[in-house]
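Student: So here's run_39.cif, just mmCIF, C-alpha atoms (C1' of nucleotides):
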```cif
data_upload
loop_
_atom_site.label_atom_id
_atom_site.label_comp_id
_atom_site.auth_asym_id
_atom_site.auth_seq_id
_atom_site.Cartn_x
_atom_site.Cartn_y
_atom_site.Cartn_z
CA MET A 1 4.80 4.07 -0.75
CA LYS A 2 4.99 2.75 -4.23
CA TYR A 3 2.31 0.32 -5.25
CA SER A 4 3.90 -3.08 -5.21
CA HIS A 5 3.61 -5.16 -8.34
CA LYS A 6 5.86 -7.93 -7.12
CA LEU A 7 3.01 -10.40 -7.24
CA SER A 8 2.31 -9.47 -10.86
CA ASP A 9 5.97 -9.82 -11.78
CA ALA A 10 6.32 -13.13 -9.96
CA ILE A 11 3.35 -14.56 -11.84
CA HIS A 12 4.77 -13.11 -15.03
CA ILE A 13 8.01 -15.02 -14.46
CA LEU A 14 6.23 -18.30 -13.76
CA ALA A 15 4.00 -17.93 -16.81
CA TYR A 16 6.96 -17.03 -18.98
CA VAL A 17 9.01 -19.99 -17.81
CA ASP A 18 6.16 -22.37 -18.47
CA MET A 19 5.15 -20.94 -21.83
CA PHE A 20 8.64 -20.61 -23.27
CA GLN A 21 10.16 -23.78 -21.85
CA ASP A 22 12.07 -24.31 -25.10
CA GLY A 23 13.05 -20.67 -25.61
CA ASP A 24 15.49 -18.29 -23.95
CA LEU A 25 14.78 -18.36 -20.22
CA SER A 26 17.72 -16.24 -19.06
CA SER A 27 16.95 -13.59 -16.45
CA GLN A 28 17.89 -11.14 -19.19
CA ALA A 29 15.18 -12.40 -21.55
CA ILE A 30 12.53 -12.51 -18.84
CA ALA A 31 13.47 -8.98 -17.76
CA GLY A 32 12.84 -7.94 -21.36
CA SER A 33 9.28 -9.22 -21.18
CA ILE A 34 8.61 -7.53 -17.83
CA GLU A 35 10.49 -4.42 -18.96
CA SER A 36 12.53 -4.52 -15.83
CA ASN A 37 16.08 -5.62 -15.14
CA PRO A 38 17.72 -9.01 -14.73
CA SER A 39 18.76 -8.43 -11.14
CA LEU A 40 15.19 -7.88 -10.03
CA VAL A 41 14.06 -10.96 -11.93
CA ARG A 42 16.74 -13.07 -10.27
CA ARG A 43 15.73 -11.84 -6.83
CA LEU A 44 12.11 -12.73 -7.46
CA MET A 45 13.11 -16.10 -8.88
CA SER A 46 15.13 -16.75 -5.76
CA LEU A 47 12.01 -16.25 -3.65
CA LEU A 48 10.03 -18.56 -5.91
CA VAL A 49 12.69 -21.23 -5.60
CA LYS A 50 12.65 -20.93 -1.80
CA ALA A 51 8.87 -21.39 -1.87
CA ASP A 52 9.32 -24.49 -4.01
CA LEU A 53 7.40 -23.09 -6.94
CA LEU A 54 10.34 -22.88 -9.31
CA ALA A 55 13.43 -25.02 -9.81
CA THR A 56 16.69 -23.57 -11.13
CA LYS A 57 20.26 -24.74 -11.58
CA PRO A 58 22.93 -22.16 -10.65
CA GLY A 59 25.17 -21.24 -13.55
CA THR A 60 22.77 -22.66 -16.13
CA ILE A 61 19.76 -21.29 -17.93
CA ALA A 62 17.31 -23.97 -16.90
CA PRO A 63 14.41 -22.71 -14.81
CA LYS A 64 11.24 -24.74 -14.76
CA LEU A 65 8.16 -24.96 -12.62
CA ALA A 66 8.65 -27.06 -9.51
CA ARG A 67 5.09 -28.35 -9.84
CA PRO A 68 2.33 -28.32 -12.50
CA ALA A 69 0.76 -24.91 -13.23
CA GLU A 70 -2.57 -26.34 -12.11
CA GLN A 71 -1.14 -26.72 -8.62
CA ILE A 72 0.23 -23.19 -8.30
CA THR A 73 -2.34 -20.74 -6.96
CA LEU A 74 -2.20 -16.96 -6.72
CA LEU A 75 -2.19 -17.42 -2.97
CA VAL A 76 0.98 -19.48 -2.75
CA VAL A 77 2.79 -17.05 -5.05
CA PHE A 78 1.55 -14.17 -2.91
CA GLN A 79 2.80 -15.89 0.22
CA ALA A 80 6.16 -16.62 -1.36
CA LEU A 81 6.99 -12.92 -1.53
CA ASP A 82 8.93 -11.09 1.14
CA THR A 83 6.64 -8.09 1.16
CA ASP A 84 4.04 -7.27 3.76
CA GLN A 85 1.04 -9.49 3.08
CA ARG A 86 -1.58 -7.57 5.03
CA LEU A 87 -3.98 -5.87 2.64
CA LEU A 88 -5.30 -3.46 5.30
CA HIS A 89 -3.29 -1.86 8.08
CA VAL A 90 -4.16 -0.98 11.65
CA ASP A 91 -2.84 2.32 12.99
CA GLU A 92 -0.29 1.08 15.53
CA LYS A 93 -0.04 4.39 17.31
CA THR A 94 -3.29 5.28 19.09
CA ASN A 95 -3.79 6.61 22.61
CA PRO A 96 -3.92 3.61 24.98
CA ASP A 97 -5.54 5.72 27.70
CA CYS A 98 -8.61 6.40 25.55
CA LEU A 99 -11.57 4.02 25.40
CA VAL A 100 -11.45 4.11 21.61
CA GLY A 101 -7.70 4.44 21.11
CA GLY A 102 -6.98 1.69 23.59
CA ASN A 103 -9.29 -0.92 22.11
CA ILE A 104 -9.68 -0.16 18.43
CA GLN A 105 -6.44 -1.80 17.35
CA ALA A 106 -7.42 -5.28 18.48
CA THR A 107 -10.97 -4.78 17.20
CA LEU A 108 -9.89 -3.64 13.75
CA ASP A 109 -7.26 -6.35 13.60
CA ALA A 110 -9.98 -8.95 13.94
CA ALA A 111 -12.10 -7.27 11.25
CA TYR A 112 -9.18 -6.94 8.86
CA THR A 113 -8.22 -10.56 9.40
CA GLN A 114 -11.71 -11.53 8.31
CA VAL A 115 -11.35 -9.47 5.11
CA GLN A 116 -7.90 -10.90 4.53
CA ARG A 117 -9.20 -14.45 4.80
CA ALA A 118 -11.89 -13.75 2.21
CA ALA A 119 -9.32 -12.31 -0.20
CA GLU A 120 -6.92 -15.19 0.33
CA ALA A 121 -9.66 -17.76 -0.14
CA GLU A 122 -10.38 -16.19 -3.52
CA MET A 123 -6.68 -16.13 -4.42
CA ALA A 124 -6.54 -19.83 -3.65
CA THR A 125 -9.12 -20.52 -6.35
CA ILE A 126 -7.05 -18.94 -9.14
CA THR A 127 -4.27 -21.06 -10.61
CA LEU A 128 -1.28 -20.23 -12.75
CA ALA A 129 -2.79 -22.56 -15.36
CA GLN A 130 -5.85 -20.30 -15.56
CA ILE A 131 -3.67 -17.22 -15.93
CA ILE A 132 -1.70 -18.88 -18.73
CA ALA A 133 -4.95 -19.88 -20.43
CA GLY A 134 -6.14 -16.28 -20.10
CA ILE A 135 -2.97 -14.98 -21.73
CA ARG A 136 -3.31 -17.44 -24.63
CA GLU A 137 -6.97 -16.57 -25.13
CA ARG A 138 -6.32 -12.87 -25.29
CA ALA A 139 -3.49 -13.39 -27.76
CA ILE A 140 -5.84 -15.37 -30.02
CA GLN A 141 -8.53 -12.70 -29.77
CA LYS A 142 -6.01 -10.09 -30.83
CA SER A 143 -4.84 -12.04 -33.87
CA SER A 144 -8.37 -12.71 -35.05
CA ALA A 145 -9.25 -9.02 -34.57
CA ARG A 146 -6.51 -8.14 -37.06
CA ASN A 147 -8.32 -9.97 -39.89
CA MET B 148 5.57 3.39 0.45
CA LYS B 149 4.22 3.88 3.85
CA TYR B 150 1.43 1.54 4.85
CA SER B 151 -1.77 3.51 4.77
CA HIS B 152 -3.86 3.50 7.90
CA LYS B 153 -6.36 6.05 6.68
CA LEU B 154 -9.15 3.50 6.84
CA SER B 155 -8.29 2.74 10.45
CA ASP B 156 -8.18 6.42 11.36
CA ALA B 157 -11.44 7.16 9.56
CA ILE B 158 -13.20 4.38 11.47
CA HIS B 159 -11.56 5.66 14.64
CA ILE B 160 -13.08 9.10 14.06
CA LEU B 161 -16.56 7.72 13.38
CA ALA B 162 -16.45 5.49 16.46
CA TYR B 163 -15.16 8.34 18.60
CA VAL B 164 -17.86 10.73 17.43
CA ASP B 165 -20.57 8.19 18.12
CA MET B 166 -19.25 7.04 21.50
CA PHE B 167 -18.50 10.48 22.89
CA GLN B 168 -21.46 12.36 21.47
CA ASP B 169 -21.73 14.36 24.70
CA GLY B 170 -18.01 14.91 25.18
CA ASP B 171 -15.35 17.03 23.50
CA LEU B 172 -15.53 16.31 19.78
CA SER B 173 -13.09 18.95 18.57
CA SER B 174 -10.55 17.85 15.94
CA GLN B 175 -7.99 18.52 18.67
CA ALA B 176 -9.57 15.99 21.05
CA ILE B 177 -10.01 13.35 18.35
CA ALA B 178 -6.41 13.85 17.26
CA GLY B 179 -5.42 13.12 20.86
CA SER B 180 -7.11 9.74 20.71
CA ILE B 181 -5.56 8.84 17.37
CA GLU B 182 -2.22 10.34 18.46
CA SER B 183 -2.12 12.35 15.30
CA ASN B 184 -2.78 16.01 14.60
CA PRO B 185 -5.94 18.05 14.19
CA SER B 186 -5.26 18.98 10.58
CA LEU B 187 -5.16 15.35 9.51
CA VAL B 188 -8.34 14.63 11.44
CA ARG B 189 -10.11 17.53 9.76
CA ARG B 190 -9.04 16.32 6.33
CA LEU B 191 -10.37 12.86 7.01
CA MET B 192 -13.59 14.26 8.44
CA SER B 193 -14.00 16.32 5.30
CA LEU B 194 -13.90 13.13 3.22
CA LEU B 195 -16.42 11.45 5.51
CA VAL B 196 -18.75 14.42 5.19
CA LYS B 197 -18.48 14.31 1.38
CA ALA B 198 -19.40 10.61 1.51
CA ASP B 199 -22.40 11.45 3.65
CA LEU B 200 -21.21 9.39 6.60
CA LEU B 201 -20.64 12.31 8.93
CA ALA B 202 -22.40 15.65 9.43
CA THR B 203 -20.56 18.70 10.70
CA LYS B 204 -21.29 22.40 11.12
CA PRO B 205 -18.40 24.68 10.11
CA GLY B 206 -17.17 26.83 12.95
CA THR B 207 -18.85 24.71 15.61
CA ILE B 208 -17.85 21.55 17.45
CA ALA B 209 -20.80 19.45 16.45
CA PRO B 210 -19.92 16.39 14.39
CA LYS B 211 -22.33 13.48 14.38
CA LEU B 212 -22.95 10.42 12.28
CA ALA B 213 -25.01 11.15 9.18
CA ARG B 214 -26.72 7.76 9.56
CA PRO B 215 -26.97 5.05 12.22
CA ALA B 216 -23.79 3.08 12.96
CA GLU B 217 -25.62 -0.09 11.88
CA GLN B 218 -25.85 1.36 8.38
CA ILE B 219 -22.18 2.28 8.02
CA THR B 220 -20.06 -0.57 6.69
CA LEU B 221 -16.30 -0.88 6.43
CA LEU B 222 -16.79 -0.85 2.68
CA VAL B 223 -18.44 2.55 2.45
CA VAL B 224 -15.80 4.06 4.71
CA PHE B 225 -13.11 2.46 2.56
CA GLN B 226 -14.70 3.88 -0.57
CA ALA B 227 -15.00 7.33 0.98
CA LEU B 228 -11.22 7.69 1.11
CA ASP B 229 -9.19 9.38 -1.58
CA THR B 230 -6.49 6.74 -1.62
CA ASP B 231 -6.05 4.02 -4.20
CA GLN B 232 -8.60 1.32 -3.47
CA ARG B 233 -7.04 -1.53 -5.38
CA LEU B 234 -5.62 -4.10 -3.00
CA LEU B 235 -3.43 -5.72 -5.67
CA HIS B 236 -1.64 -3.94 -8.49
CA VAL B 237 -0.91 -4.94 -12.05
CA ASP B 238 2.51 -4.03 -13.42
CA GLU B 239 1.56 -1.36 -15.98
CA LYS B 240 4.86 -1.54 -17.78
CA THR B 241 5.35 -4.86 -19.54
CA ASN B 242 6.56 -5.54 -23.06
CA PRO B 243 3.54 -5.33 -25.40
CA ASP B 244 5.42 -7.22 -28.12
CA CYS B 245 5.75 -10.32 -25.97
CA LEU B 246 3.04 -12.97 -25.77
CA VAL B 247 3.18 -12.84 -21.99
CA GLY B 248 3.96 -9.14 -21.51
CA GLY B 249 1.29 -8.12 -23.99
CA ASN B 250 -1.55 -10.10 -22.47
CA ILE B 251 -0.80 -10.55 -18.80
CA GLN B 252 -2.03 -7.13 -17.72
CA ALA B 253 -5.63 -7.69 -18.79
CA THR B 254 -5.54 -11.26 -17.50
CA LEU B 255 -4.25 -10.31 -14.07
CA ASP B 256 -6.61 -7.37 -13.92
CA ALA B 257 -9.53 -9.77 -14.21
CA ALA B 258 -8.09 -12.06 -11.53
CA TYR B 259 -7.37 -9.17 -9.16
CA THR B 260 -10.86 -7.78 -9.67
CA GLN B 261 -12.23 -11.14 -8.56
CA VAL B 262 -10.11 -11.01 -5.36
CA GLN B 263 -11.10 -7.39 -4.81
CA ARG B 264 -14.78 -8.26 -5.05
CA ALA B 265 -14.38 -10.99 -2.42
CA ALA B 266 -12.61 -8.59 -0.05
CA GLU B 267 -15.19 -5.85 -0.59
CA ALA B 268 -18.07 -8.26 -0.06
CA GLU B 269 -16.55 -9.13 3.31
CA MET B 270 -16.05 -5.46 4.17
CA ALA B 271 -19.71 -4.87 3.42
CA THR B 272 -20.67 -7.32 6.16
CA ILE B 273 -18.82 -5.46 8.91
CA THR B 274 -20.58 -2.42 10.36
CA LEU B 275 -19.40 0.49 12.48
CA ALA B 276 -21.86 -0.72 15.11
CA GLN B 277 -19.98 -4.02 15.32
CA ILE B 278 -16.65 -2.22 15.65
CA ILE B 279 -18.04 -0.05 18.44
CA ALA B 280 -19.41 -3.14 20.18
CA GLY B 281 -15.99 -4.76 19.85
CA ILE B 282 -14.31 -1.75 21.43
CA ARG B 283 -16.76 -1.76 24.34
CA GLU B 284 -16.33 -5.50 24.87
CA ARG B 285 -12.57 -5.29 25.00
CA ALA B 286 -12.76 -2.41 27.45
CA ILE B 287 -14.98 -4.47 29.74
CA GLN B 288 -12.65 -7.47 29.49
CA LYS B 289 -9.75 -5.26 30.52
CA SER B 290 -11.54 -3.82 33.53
CA SER B 291 -12.61 -7.25 34.78
CA ALA B 292 -9.07 -8.55 34.30
CA ARG B 293 -7.86 -5.93 36.75
CA ASN B 294 -9.88 -7.45 39.60
"C1'" DT C 295 40.63 -21.68 -17.60
"C1'" DC C 296 37.50 -18.73 -19.22
"C1'" DA C 297 33.05 -16.74 -20.66
"C1'" DT C 298 28.52 -16.78 -19.07
"C1'" DT C 299 24.82 -17.15 -15.84
"C1'" DT C 300 22.74 -17.47 -11.48
"C1'" DG C 301 22.48 -15.90 -6.74
"C1'" DT C 302 23.21 -12.28 -3.37
"C1'" DT C 303 24.14 -7.89 -1.26
"C1'" DA C 304 24.27 -3.09 -0.93
"C1'" DC C 305 23.01 1.25 -2.54
"C1'" DT C 306 20.13 4.90 -5.08
"C1'" DT C 307 15.92 6.56 -6.83
"C1'" DT C 308 11.06 7.10 -6.83
"C1'" DA C 309 6.33 7.13 -5.26
"C1'" DT C 310 2.84 7.53 -1.84
"C1'" DA C 311 1.19 8.44 2.60
"C1'" DA C 312 1.78 10.79 7.22
"C1'" DG C 313 2.80 14.87 9.50
"C1'" DT C 314 2.83 19.84 9.84
"C1'" DA C 315 1.96 24.68 9.23
"C1'" DA C 316 -0.45 28.45 7.62
"C1'" DC C 317 -4.38 30.58 5.97
"C1'" DT C 318 -9.51 31.18 4.98
"C1'" DT C 319 -14.20 30.78 6.39
"C1'" DG C 320 -17.92 30.28 9.55
"C1'" DT C 321 -20.04 30.63 14.34
"C1'" DG C 322 -21.54 32.31 18.56
"C1'" DA C 323 -20.60 35.13 22.73
"C1'" DC C 324 -20.31 39.61 24.12
"C1'" DG D 325 -19.87 44.55 14.82
"C1'" DT D 326 -15.76 42.37 16.54
"C1'" DC D 327 -13.32 38.90 18.53
"C1'" DA D 328 -11.92 34.29 19.95
"C1'" DC D 329 -12.10 29.87 18.35
"C1'" DA D 330 -13.01 25.98 15.50
"C1'" DA D 331 -13.72 23.89 11.07
"C1'" DG D 332 -12.17 23.57 6.37
"C1'" DT D 333 -8.51 23.90 2.92
"C1'" DT D 334 -4.05 24.16 0.73
"C1'" DA D 335 0.69 23.66 0.33
"C1'" DC D 336 4.82 21.86 1.91
"C1'" DT D 337 8.06 18.58 4.46
"C1'" DT D 338 9.26 14.16 6.19
"C1'" DA D 339 9.12 9.21 6.45
"C1'" DT D 340 8.87 4.75 4.45
"C1'" DA D 341 8.60 0.93 1.36
"C1'" DA D 342 9.25 -0.64 -3.13
"C1'" DA D 343 11.60 -0.41 -7.76
"C1'" DG D 344 15.75 0.11 -10.08
"C1'" DT D 345 20.71 -0.46 -10.42
"C1'" DA D 346 25.36 -2.01 -9.83
"C1'" DA D 347 28.75 -4.99 -8.36
"C1'" DC D 348 30.54 -9.24 -7.11
"C1'" DA D 349 30.76 -14.18 -5.56
"C1'" DA D 350 29.65 -18.90 -6.86
"C1'" DA D 351 28.55 -22.35 -10.21
"C1'" DT D 352 28.61 -24.35 -14.83
"C1'" DG D 353 30.13 -26.21 -19.08
"C1'" DA D 354 32.59 -25.55 -23.36
#
```
In structure tokens, write the structure found in this file.

Tutor:
Amino acid sequence: MKYSHKLSDAIHILAYVDMFQDGDLSSQAIAGSIESNPSLVRRLMSLLVKADLLATKPGTIAPKLARPAEQITLLVVFQALDTDQRLLHVDEKTNPDCLVGGNIQATLDAAYTQVQRAAEAEMATITLAQIIAGIRERAIQKSSARN
Amino acid sequence: MKYSHKLSDAIHILAYVDMFQDGDLSSQAIAGSIESNPSLVRRLMSLLVKADLLATKPGTIAPKLARPAEQITLLVVFQALDTDQRLLHVDEKTNPDCLVGGNIQATLDAAYTQVQRAAEAEMATITLAQIIAGIRERAIQKSSARN
DNA sequence: TCATTTGTTACTTTATAAGTAACTTGTGAC
DNA sequence: GTCACAAGTTACTTATAAAGTAACAAATGA
């Protein structure tokens, strides 16, 4: 498959909306920053609205965060997406009549769940506010490097 | 894309080789347990050999673990594969002239690396020996459930 | 009422992994 | 030595999930 960067784009949208609250927040403008297209941005925004992370008003250009950036974690954004959320995948088609093939699926599923929990726990510690701060910091570093 | 289950299949091979050391360990037989084909099994085995997890002798049916199952972790198997190992992916194509687009890649990369490290640390705690024990346990549970 | 924007649906394209086939190389039996 | 067979390798085809795109309905406000 293609490597999904939906999570990255969703965070991008949230950061953009928060940072440019007084600027142009049309799906067109946001698509320009992501270098994607407005339709894709609107679909992602729709998912974010459903997850209660973003608030929009149909027909108007007025998106804003549904809660403070400090209270939006990578994890909740991740879980708002409609993509598969498993990071590792069990082979669903193994020989049930074999000692290994018949029991490895459940065994690996338990192991992968453990890994998944560790990853999600880490995602829960990273907030949109931290990402925004990171973006601002890097921008400042760049401008001072130009002197 | 398709969801990769290479990691699952690679672990399957290692478990199979260890558990059936005295049985038929041809790529054909292993493929039967995975319900895949011998060519794919041989390719995976080749990667495991390169990573020094498995030892084979060309032309003969004689694969065996290159080290004890207690010393093979999910992480080293994962890292032996030739697939992309990043669990989360930054969008590589964002507008560099935008405050957000120009700085979000590096910021997210740092955040994703943090999540990756947590997942890998967890993978390092799970050994092939534990997976094999899990397979055996489930097999026993099944046989007692039949009584 | 009309231009503009969001929200939604359907379709096309692209990227990555699985599956397959064919060929080369190595081994051991005879 | 040669022959059957298995590992090892390479190239190609198929399947699948995500990105990209287009089109249109619904909502808004000038």

Student: Residues of chain A near chain C: apply a cut-off of 12 Å, count all atoms listed in the file, and supply the list as a list in words.

Tutor: Met1, Lys2, Tyr3, Ser4, Leu25, Ser26, Ser27, Gln28, Pro38, Ser39, Leu40, Val41, Arg42, Arg43, Leu44, Met45, Ser46, Leu47, Val49, Thr56, Lys57, Pro58, Gly59, Thr60, Ile61, Ala62, Pro63 and Asp91 of chain A

Student: Residues of chain D that approach chain B to 7 Å or less, counting all atoms listed in the file: could you list each one with the shortest pair of atoms and its distance in Å to one decimal, rows by chain and increasing residue number, as a tab-separated table?

Tutor:
```
residue	atom	partner	partner_atom	distance
D:DA330	C1'	B:Gly206	CA	5.0
D:DA331	C1'	B:Pro205	CA	4.8
D:DT340	C1'	B:Lys149	CA	4.8
D:DA341	C1'	B:Met148	CA	4.0
D:DA342	C1'	B:Met148	CA	6.5
```

Student: Evaluate the PyMOL selection byres ((chain A) within 7 of (chain B)) and record the selected residues as JSON, numbers by chain, following the chain and residue labels used in the document.

Tutor: {"A": [1, 2, 3, 4, 5, 8, 9, 16, 32, 33, 34, 35, 87, 89, 90, 91, 93, 94, 95, 98, 99, 100, 101, 103, 104, 107, 115, 116, 118, 119, 122, 123, 131, 134, 135, 138, 139]}

Student: Step by step, work through what the PyMOL selection byres ((chain A and resi 70) around 7) selects in the shown file, and finish by giving those residues as a PyMOL selection string.

Tutor: chain A and resi 68-69+71-72+127-129

Student: Write a file of the just-selected residues containing C-alpha atoms, as a CSV table (one decimal), in the frame of the given file.

Tutor:
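Result saved to selection-v3.csv:
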```csv
chain,number,residue,atom,x,y,z
A,68,PRO,CA,2.3,-28.3,-12.5
A,69,ALA,CA,0.8,-24.9,-13.2
A,71,GLN,CA,-1.1,-26.7,-8.6
A,72,ILE,CA,0.2,-23.2,-8.3
A,127,THR,CA,-4.3,-21.1,-10.6
A,128,LEU,CA,-1.3,-20.2,-12.8
A,129,ALA,CA,-2.8,-22.6,-15.4
```

Student: So the first atom is C1' of DT337 (chain D) and the second is CA of Asn184 (chain B); what is the distance between them in Å, to one decimal place?

Tutor: 15.1 Å

Student: Quick one, how far is CA of Leu200 (chain B) from CA of Val224 (chain B)?

Tutor: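 Here the two named atoms are 7.8 Å from each other.
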
Student: In Å, how far is it from CA of Val164 (chain B) to CA of Leu212 (chain B)?

Tutor: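 Atom-to-atom, CA of Val164 (chain B) and CA of Leu212 (chain B) are spaced 7.2 Å apart.
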